[in-house]
Every structure is written in structure tokens, then in C-alpha cells.
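Structure, as C-alpha cells:
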Amino acid sequence: MVRDKSWLKAVASLSCQRCGQDGQTQAAHANWGAYGKGMGMKAHDCFVAALCQTCHFAIDQGAKMSGDERREAWEDAFRKTLVALHEAGKVKAK
């Protein structure tokens with residue numbers, strides 16, 4: 001199980017990668033088994049997207065999107081999060 005508080009802090013320091021809102025961003029874990037999620041267990045910390053509270057709720061609990069739409073929205077935000085972390089200098093490729 002991957003757990004890394006410094007990674008979560010770096011992700012939470014970004015703007016929301018779904019709506020662009022700054023401040024109050026959360027490191028939103030994936031909600032699917034393919035990412036390490038299990039019964040009573042969050043996904044690996046490396047599978048988090050930078051989302052504001054509103055977008056996080058919409059993807060986790062929202063009734064306005066189908067399951068496929070929620071997964072697609074999270075995966076899009078996740079990909080954008082990885083790019084934003086690199087552009088902000090929070091991660092460096094070797």
C-alpha cells in the first residue's frame with residue numbers, strides 16, 4: 001500500500017484540476033479497485049486528483065453523473081494533476 005503524506009500535500013497545494021478553483025483543494029483518492037481501493041481502504045496515495053470540495057463531492061457522491069462519467073471526470077483530473085505537479089516543480093522526472 002502506497003502512503004505518502006508529502007505527495008498528498010503537494011497535490012492539495014494545486015488548484016482544482018476540474019474547475020480551476022484555487023484554495024481548499026483536496027487530494028481526492030480514486031474510488032475503484034484498479035487503483036488499490038478496497039472495502040474500508042482508500043486507494044494508493046499515488047492515485048489522487050487535485051479537486052475542490054465541490055468537484056470532489058460531485059465525483060464521489062454526485063447523482064448528476066453516471067458511474068462512467070464520474071470515473072472519466074476523476075481520471076481526467078488525475079492526468080491533469082500529474083502535469084500540474086510537474087509544471088509547478090513539485091516532482092521532477094529523472
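Every chain in the C-alpha cells has a letter given in the order shown (A, B, ...), and although residue numbers restart at 1 in each chain, ligands are simply numbered from 1 in the order shown.
Proximity to region 79-88 of chain A at 9 Å, evaluated using only C-alpha atoms and with sequence-adjacent residues fewer than 5 positions away removed, yields Ala10, Val11, Leu14, Ser15, Cys16, Gln17, Arg18, Val48, Ala49, Ala50, Trp74 and Ala93 of chain A.
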Filtered DSSP result for chain A, state strand (DSSP E), as a ChimeraX atom specification: /A:25-29,48-52
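Coordinates place CA of Lys42 (chain A) at a distance of 19.4 Å from CA of Asp68 (chain A).
Taking CA of Leu8 (chain A) and CA of Cys52 (chain A) as endpoints, the distance between them is 13.7 Å.
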Chain A: which residues are helix (DSSP H, G or I) by DSSP, as a ChimeraX atom specification? /A:5-12,33-35,53-60,67-87
Within 10 Å of His29 (chain A), counting only C-alpha atoms, which residues show up once you throw out same-chain ones fewer than 3 positions away? Write them as a VMD selection string, please. chain A and resid 8 26 32 35 to 37 42 to 51 56 60 74 78
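Across the structure, CA of Ala12 (chain A) and CA of Gln24 (chain A) are spaced 7.8 Å apart.
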